[in-house]
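Q: Got query.pdb for you, PDB, C-alpha atoms, pLDDT in the B column:
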```pdb
MODEL        1
ATOM      1  CA  MET A   1       0.000   0.000   0.000  1.00 37.00           C
ATOM      2  CA  THR A   2       1.299   3.442  -0.900  1.00 38.00           C
ATOM      3  CA  TYR A   3       0.357   6.585   0.973  1.00 39.00           C
ATOM      4  CA  LEU A   4       0.594   9.716  -1.146  1.00 39.00           C
ATOM      5  CA  PRO A   5      -0.322  13.146   0.137  1.00 41.00           C
ATOM      6  CA  ALA A   6      -3.169  14.674  -1.852  1.00 40.00           C
ATOM      7  CA  ILE A   7      -0.838  17.413  -2.994  1.00 39.00           C
ATOM      8  CA  ALA A   8       1.022  14.808  -5.063  1.00 43.00           C
ATOM      9  CA  LYS A   9      -2.084  14.302  -7.181  1.00 46.00           C
ATOM     10  CA  THR A  10      -3.102  17.922  -7.727  1.00 49.00           C
ATOM     11  CA  SER A  11      -1.279  21.221  -7.701  1.00 53.00           C
ATOM     12  CA  LYS A  12      -4.515  23.082  -6.910  1.00 54.00           C
ATOM     13  CA  LEU A  13      -4.432  22.178  -3.227  1.00 53.00           C
ATOM     14  CA  SER A  14      -2.559  24.641  -1.057  1.00 55.00           C
ATOM     15  CA  LYS A  15      -1.998  22.171   1.772  1.00 60.00           C
ATOM     16  CA  VAL A  16      -2.304  18.454   2.420  1.00 57.00           C
ATOM     17  CA  ILE A  17      -5.807  17.800   3.726  1.00 65.00           C
ATOM     18  CA  PHE A  18      -6.031  14.031   3.264  1.00 67.00           C
ATOM     19  CA  ASP A  19      -3.941  11.028   2.325  1.00 68.00           C
ATOM     20  CA  PHE A  20      -4.352   9.266  -0.997  1.00 70.00           C
ATOM     21  CA  ILE A  21      -3.963   5.527  -0.425  1.00 72.00           C
ATOM     22  CA  HIS A  22      -3.102   3.284  -3.339  1.00 78.00           C
ATOM     23  CA  ALA A  23      -4.197  -0.231  -2.362  1.00 84.00           C
ATOM     24  CA  SER A  24      -6.618  -2.949  -3.298  1.00 88.00           C
ATOM     25  CA  LEU A  25      -9.916  -2.983  -1.436  1.00 89.00           C
ATOM     26  CA  SER A  26      -9.453  -6.734  -1.152  1.00 88.00           C
ATOM     27  CA  ALA A  27      -6.469  -6.176   1.164  1.00 90.00           C
ATOM     28  CA  GLU A  28      -8.131  -6.277   4.582  1.00 91.00           C
ATOM     29  CA  ASN A  29      -5.026  -5.104   6.462  1.00 90.00           C
ATOM     30  CA  ALA A  30      -4.693  -2.133   4.123  1.00 89.00           C
ATOM     31  CA  LEU A  31      -8.354  -1.250   4.644  1.00 92.00           C
ATOM     32  CA  ALA A  32      -7.998  -1.404   8.405  1.00 91.00           C
ATOM     33  CA  ARG A  33      -4.882   0.797   8.353  1.00 88.00           C
ATOM     34  CA  ALA A  34      -6.501   3.249   5.960  1.00 89.00           C
ATOM     35  CA  MET A  35      -9.481   3.672   8.253  1.00 90.00           C
ATOM     36  CA  GLU A  36      -7.611   4.087  11.516  1.00 90.00           C
ATOM     37  CA  ASP A  37      -8.860   7.271  13.177  1.00 90.00           C
ATOM     38  CA  ALA A  38     -11.040   8.079  10.146  1.00 91.00           C
ATOM     39  CA  GLU A  39     -14.377   9.692  10.750  1.00 93.00           C
ATOM     40  CA  LEU A  40     -15.504   9.894   7.129  1.00 93.00           C
ATOM     41  CA  VAL A  41     -14.721   7.611   4.186  1.00 93.00           C
ATOM     42  CA  PHE A  42     -15.481   8.343   0.533  1.00 91.00           C
ATOM     43  CA  HIS A  43     -15.839   5.070  -1.372  1.00 93.00           C
ATOM     44  CA  GLU A  44     -15.338   5.981  -5.040  1.00 90.00           C
ATOM     45  CA  ALA A  45     -13.791   2.726  -6.296  1.00 87.00           C
ATOM     46  CA  ALA A  46     -15.382   0.629  -9.050  1.00 88.00           C
ATOM     47  CA  LEU A  47     -14.845  -0.745 -12.535  1.00 86.00           C
ATOM     48  CA  PRO A  48     -16.979   1.873 -14.310  1.00 79.00           C
ATOM     49  CA  SER A  49     -17.935   0.251 -17.562  1.00 87.00           C
ATOM     50  CA  VAL A  50     -21.186  -1.375 -18.574  1.00 92.00           C
ATOM     51  CA  PRO A  51     -19.653  -3.112 -21.639  1.00 94.00           C
ATOM     52  CA  ARG A  52     -16.768  -4.399 -19.523  1.00 95.00           C
ATOM     53  CA  SER A  53     -19.224  -5.775 -16.960  1.00 96.00           C
ATOM     54  CA  VAL A  54     -21.107  -7.621 -19.684  1.00 97.00           C
ATOM     55  CA  GLU A  55     -17.871  -9.123 -20.984  1.00 97.00           C
ATOM     56  CA  ASN A  56     -16.569 -10.038 -17.519  1.00 97.00           C
ATOM     57  CA  PRO A  57     -19.296 -10.018 -14.863  1.00 98.00           C
ATOM     58  CA  ARG A  58     -17.171 -11.854 -12.277  1.00 97.00           C
ATOM     59  CA  GLU A  59     -14.488  -9.139 -12.355  1.00 96.00           C
ATOM     60  CA  THR A  60     -17.179  -6.474 -11.895  1.00 96.00           C
ATOM     61  CA  HIS A  61     -18.762  -8.355  -9.002  1.00 97.00           C
ATOM     62  CA  ILE A  62     -15.441  -8.729  -7.199  1.00 95.00           C
ATOM     63  CA  ALA A  63     -14.401  -5.116  -7.800  1.00 94.00           C
ATOM     64  CA  CYS A  64     -17.769  -3.615  -6.881  1.00 95.00           C
ATOM     65  CA  VAL A  65     -19.730  -5.931  -4.567  1.00 97.00           C
ATOM     66  CA  ASP A  66     -16.967  -7.778  -2.705  1.00 96.00           C
ATOM     67  CA  ALA A  67     -14.861  -4.636  -2.373  1.00 95.00           C
ATOM     68  CA  THR A  68     -17.758  -2.569  -1.048  1.00 97.00           C
ATOM     69  CA  PHE A  69     -18.639  -5.266   1.471  1.00 97.00           C
ATOM     70  CA  SER A  70     -15.011  -5.434   2.665  1.00 96.00           C
ATOM     71  CA  LEU A  71     -14.850  -1.658   2.946  1.00 96.00           C
ATOM     72  CA  LEU A  72     -18.059  -1.519   4.986  1.00 97.00           C
ATOM     73  CA  LEU A  73     -16.793  -4.266   7.313  1.00 97.00           C
ATOM     74  CA  ALA A  74     -13.530  -2.396   7.857  1.00 96.00           C
ATOM     75  CA  ALA A  75     -15.401   0.870   8.463  1.00 97.00           C
ATOM     76  CA  ARG A  76     -17.565  -0.815  11.079  1.00 97.00           C
ATOM     77  CA  GLU A  77     -14.586  -2.452  12.771  1.00 96.00           C
ATOM     78  CA  GLN A  78     -12.629   0.831  12.839  1.00 96.00           C
ATOM     79  CA  ARG A  79     -15.665   2.749  14.121  1.00 97.00           C
ATOM     80  CA  VAL A  80     -15.862   5.099  11.146  1.00 97.00           C
ATOM     81  CA  ARG A  81     -18.825   7.443  11.569  1.00 97.00           C
ATOM     82  CA  ARG A  82     -19.921   7.722   7.926  1.00 97.00           C
ATOM     83  CA  VAL A  83     -19.242   6.151   4.524  1.00 97.00           C
ATOM     84  CA  VAL A  84     -20.187   8.061   1.372  1.00 97.00           C
ATOM     85  CA  TYR A  85     -20.723   5.532  -1.420  1.00 97.00           C
ATOM     86  CA  ALA A  86     -20.454   6.263  -5.141  1.00 95.00           C
ATOM     87  CA  ALA A  87     -23.599   4.625  -6.470  1.00 96.00           C
ATOM     88  CA  SER A  88     -24.627   4.827 -10.120  1.00 95.00           C
ATOM     89  CA  SER A  89     -27.501   6.150 -12.177  1.00 93.00           C
ATOM     90  CA  SER A  90     -27.256   2.888 -14.111  1.00 93.00           C
ATOM     91  CA  ALA A  91     -29.543   1.495 -11.398  1.00 95.00           C
ATOM     92  CA  TYR A  92     -32.433   3.230 -13.190  1.00 95.00           C
ATOM     93  CA  GLY A  93     -31.893   1.330 -16.432  1.00 94.00           C
ATOM     94  CA  ASP A  94     -33.521   2.770 -19.548  1.00 92.00           C
ATOM     95  CA  GLN A  95     -36.641   4.175 -17.918  1.00 91.00           C
ATOM     96  CA  ALA A  96     -38.189   6.784 -20.203  1.00 90.00           C
ATOM     97  CA  ILE A  97     -39.103   9.239 -17.455  1.00 90.00           C
ATOM     98  CA  LEU A  98     -36.873  12.312 -17.345  1.00 86.00           C
ATOM     99  CA  PRO A  99     -35.480  13.663 -15.204  1.00 86.00           C
ATOM    100  CA  LYS A 100     -34.750  10.611 -13.094  1.00 87.00           C
ATOM    101  CA  GLN A 101     -36.127  10.770  -9.568  1.00 87.00           C
ATOM    102  CA  GLU A 102     -34.942   9.009  -6.423  1.00 86.00           C
ATOM    103  CA  GLU A 103     -38.396   7.497  -5.888  1.00 90.00           C
ATOM    104  CA  MET A 104     -38.116   5.521  -9.145  1.00 93.00           C
ATOM    105  CA  LEU A 105     -37.680   1.787  -8.666  1.00 95.00           C
ATOM    106  CA  PRO A 106     -34.357   0.394  -9.879  1.00 96.00           C
ATOM    107  CA  GLU A 107     -34.351  -1.478 -13.185  1.00 96.00           C
ATOM    108  CA  PRO A 108     -30.701  -2.489 -13.650  1.00 97.00           C
ATOM    109  CA  LEU A 109     -29.818  -3.813 -17.099  1.00 97.00           C
ATOM    110  CA  SER A 110     -26.180  -4.872 -16.670  1.00 97.00           C
ATOM    111  CA  PRO A 111     -23.890  -6.608 -14.195  1.00 97.00           C
ATOM    112  CA  TYR A 112     -22.357  -3.189 -13.422  1.00 96.00           C
ATOM    113  CA  ALA A 113     -25.753  -1.699 -12.554  1.00 97.00           C
ATOM    114  CA  VAL A 114     -26.620  -4.671 -10.339  1.00 98.00           C
ATOM    115  CA  ALA A 115     -23.241  -4.528  -8.591  1.00 97.00           C
ATOM    116  CA  LYS A 116     -23.587  -0.824  -7.811  1.00 97.00           C
ATOM    117  CA  LEU A 117     -27.153  -1.351  -6.613  1.00 98.00           C
ATOM    118  CA  VAL A 118     -26.029  -4.178  -4.324  1.00 98.00           C
ATOM    119  CA  GLY A 119     -23.532  -1.717  -2.841  1.00 98.00           C
ATOM    120  CA  GLU A 120     -26.401   0.665  -2.075  1.00 98.00           C
ATOM    121  CA  TYR A 121     -28.320  -2.138  -0.386  1.00 98.00           C
ATOM    122  CA  TYR A 122     -25.286  -3.131   1.680  1.00 98.00           C
ATOM    123  CA  CYS A 123     -24.917   0.492   2.786  1.00 98.00           C
ATOM    124  CA  GLN A 124     -28.553   0.527   3.895  1.00 98.00           C
ATOM    125  CA  VAL A 125     -28.118  -2.724   5.822  1.00 98.00           C
ATOM    126  CA  PHE A 126     -24.948  -1.536   7.557  1.00 98.00           C
ATOM    127  CA  THR A 127     -26.824   1.582   8.642  1.00 98.00           C
ATOM    128  CA  ARG A 128     -29.842  -0.332   9.959  1.00 98.00           C
ATOM    129  CA  VAL A 129     -28.023  -3.242  11.549  1.00 98.00           C
ATOM    130  CA  TYR A 130     -24.714  -1.756  12.717  1.00 98.00           C
ATOM    131  CA  GLY A 131     -25.478   1.961  13.007  1.00 98.00           C
ATOM    132  CA  LEU A 132     -22.818   2.909  10.440  1.00 98.00           C
ATOM    133  CA  GLU A 133     -23.982   6.116   8.774  1.00 98.00           C
ATOM    134  CA  THR A 134     -23.957   5.752   5.001  1.00 98.00           C
ATOM    135  CA  VAL A 135     -24.882   8.002   2.108  1.00 98.00           C
ATOM    136  CA  SER A 136     -25.246   6.701  -1.441  1.00 97.00           C
ATOM    137  CA  LEU A 137     -24.884   9.211  -4.262  1.00 96.00           C
ATOM    138  CA  ARG A 138     -26.155   8.019  -7.644  1.00 93.00           C
ATOM    139  CA  TYR A 139     -23.742   9.708 -10.001  1.00 90.00           C
ATOM    140  CA  PHE A 140     -24.660  10.323 -13.608  1.00 85.00           C
ATOM    141  CA  ASN A 141     -22.039  10.723 -16.338  1.00 75.00           C
ATOM    142  CA  VAL A 142     -19.851  13.689 -15.524  1.00 64.00           C
ATOM    143  CA  PHE A 143     -18.552  15.861 -18.328  1.00 67.00           C
ATOM    144  CA  GLY A 144     -15.558  18.130 -18.156  1.00 71.00           C
ATOM    145  CA  PRO A 145     -12.092  18.948 -19.420  1.00 73.00           C
ATOM    146  CA  ARG A 146     -10.488  15.739 -18.085  1.00 68.00           C
ATOM    147  CA  GLN A 147     -13.222  13.370 -19.207  1.00 67.00           C
ATOM    148  CA  ILE A 148     -12.163  10.367 -21.242  1.00 65.00           C
ATOM    149  CA  PRO A 149     -15.454   9.682 -23.063  1.00 62.00           C
ATOM    150  CA  VAL A 150     -14.423   6.442 -24.748  1.00 60.00           C
ATOM    151  CA  ARG A 151     -13.376   4.838 -21.461  1.00 51.00           C
ATOM    152  CA  HIS A 152     -16.345   5.935 -19.349  1.00 46.00           C
ATOM    153  CA  THR A 153     -19.323   5.755 -21.669  1.00 48.00           C
ATOM    154  CA  GLN A 154     -22.502   3.948 -20.656  1.00 48.00           C
ATOM    155  CA  VAL A 155     -21.903   4.154 -16.927  1.00 47.00           C
TER
ENDMDL
END
```
Transcribe the structure of this file into structure tokens.

A:
Amino acid sequence: MTYLPAIAKTSKLSKVIFDFIHASLSAENALARAMEDAELVFHEAALPSVPRSVENPRETHIACVDATFSLLLAAREQRVRRVVYAASSSAYGDQAILPKQEEMLPEPLSPYAVAKLVGEYYCQVFTRVYGLETVSLRYFNVFGPRQIPVRHTQV
């Protein structure tokens, strides 16, 4: 596991405000160390590709479902107060209603969508059963100057 100050990743930060940790979410010891004394955890990891998930659903399941479960377990064990989870708008499927609304029932159409939805459900369960505060944010495609549209289409 490599710890890199945030400043190493962006020159726009004037001071180090967090540590960037380069490790696999499957490494339980790394997760435990990363969460020591943490109050808030942002879980942004995933394999963000619908076509890739169709081609290799097992890889997507491991990277999204198993990793999220391991992260939530480590957060609970380290007494983290809150986990913010990067969910996905892919949970809505191809519903015709626009704009999408949180009250809409999920209609996942790919292994990626199912995996991200399972992560949301695990967050809900860890809140209800263990008292771990969780927030799931269903991101839509984000557009901007650093976007790589070919790599992140159909998320």

Q: State, in Å with one decimal place, the distance from atom CA of A:Ala63 to atom CA of A:Phe126.

A: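 Distance reported for this atom pair: 19.0 Å.
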
Q: For a quick check of understanding, using all atoms listed in the file, which of A:Glu55, A:Asp94, A:Glu36, A:Asp66 has the smallest distance to A:Pro108?

A: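 Closest residue, counting all atoms listed in the file: A:Asp94.
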
Q: So what do you get for atom CA of A:Gly131 versus atom CA of A:Tyr85, distance-wise?

A: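 Separation of atom CA of A:Gly131 and atom CA of A:Tyr85: 15.6 Å.
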
Q: Of the candidates A:Ala23, A:Ala45, A:Ala38, A:Val50, which shows the shortest atom-to-atom distance to A:Thr68, using only C-alpha atoms?

A: A:Ala45

Q: Pick the closest to A:Val80 from A:Val135, A:Asp37, A:Ser26, A:Ser53: which is it, counting all atoms listed in the file?

A: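 Checking each of A:Val135, A:Asp37, A:Ser26, A:Ser53 against A:Val80, counting all atoms listed in the file, the winner is A:Asp37.
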
Q: Could you state the separation of atom CA of A:Ala113 and atom CA of A:Arg76 in Å, given to one decimal place?

A: 25.0 Å

Q: I'd like the residues picked by the PyMOL selection byres ((chain A and resi 54) around 12) written out as a VMD selection string, using the chain letters and numbers from the file.

A: chain A and resid 47 to 53 55 to 61 109 to 115 154

Q: Nearest residue to A:Ala75 out of A:Phe140, A:Tyr121, A:Phe20, A:Phe42, using only C-alpha atoms?

A: A:Phe42

Q: Extract, using all atoms listed in the file, all DNA, RNA and protein residues at most 9 Å from A:Leu105, discarding same-chain residues fewer than 3 positions from it, and format them as a list in words.

A: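 Result of the neighbour search: Ala91, Tyr92 and Glu102 of chain A.
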
Q: Compile the contact shell of A:Arg81 as a ChimeraX atom specification: residues with an atom at most 7 Å away, counting only C-alpha atoms, same-chain residues fewer than 2 positions apart removed.

A: /A:39-40,79,132-133

Q: Identify, on the basis of all atoms listed in the file, every residue whose closest approach to A:Leu25 does not exceed 8 Å; exclude the query and any residue fewer than 4 positions from it along the same chain; express the result as a PDB file with C-alpha atoms, in the frame of the given file.

A:
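Result written to out.pdb:
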```pdb
ATOM      1  CA  ALA A  30      -4.693  -2.133   4.123  1.00 89.00           C
ATOM      2  CA  LEU A  31      -8.354  -1.250   4.644  1.00 92.00           C
ATOM      3  CA  ALA A  67     -14.861  -4.636  -2.373  1.00 95.00           C
ATOM      4  CA  THR A  68     -17.758  -2.569  -1.048  1.00 97.00           C
ATOM      5  CA  SER A  70     -15.011  -5.434   2.665  1.00 96.00           C
ATOM      6  CA  LEU A  71     -14.850  -1.658   2.946  1.00 96.00           C
TER       7      LEU A  71
END
```

Q: Nearest residue to A:His22 out of A:Leu72, A:Ala34, A:Glu103, A:Leu137, using only C-alpha atoms?

A: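 Closest to A:His22 of all the choices is A:Ala34.
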
Q: Specify as an NGL selection string each residue included when the PyMOL selection byres ((chain A and resi 136) around 12) is applied to this file.

A: :A and (41-44 or 68 or 82-89 or 102 or 116-124 or 127 or 133-135 or 137-139)

Q: Which one of A:Asn29, A:Ser24, A:Ile62, A:Phe69 sits closest to A:Val125 if you count only C-alpha atoms?

A: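 Looking at the shortest contact to A:Val125, the residue is A:Phe69.
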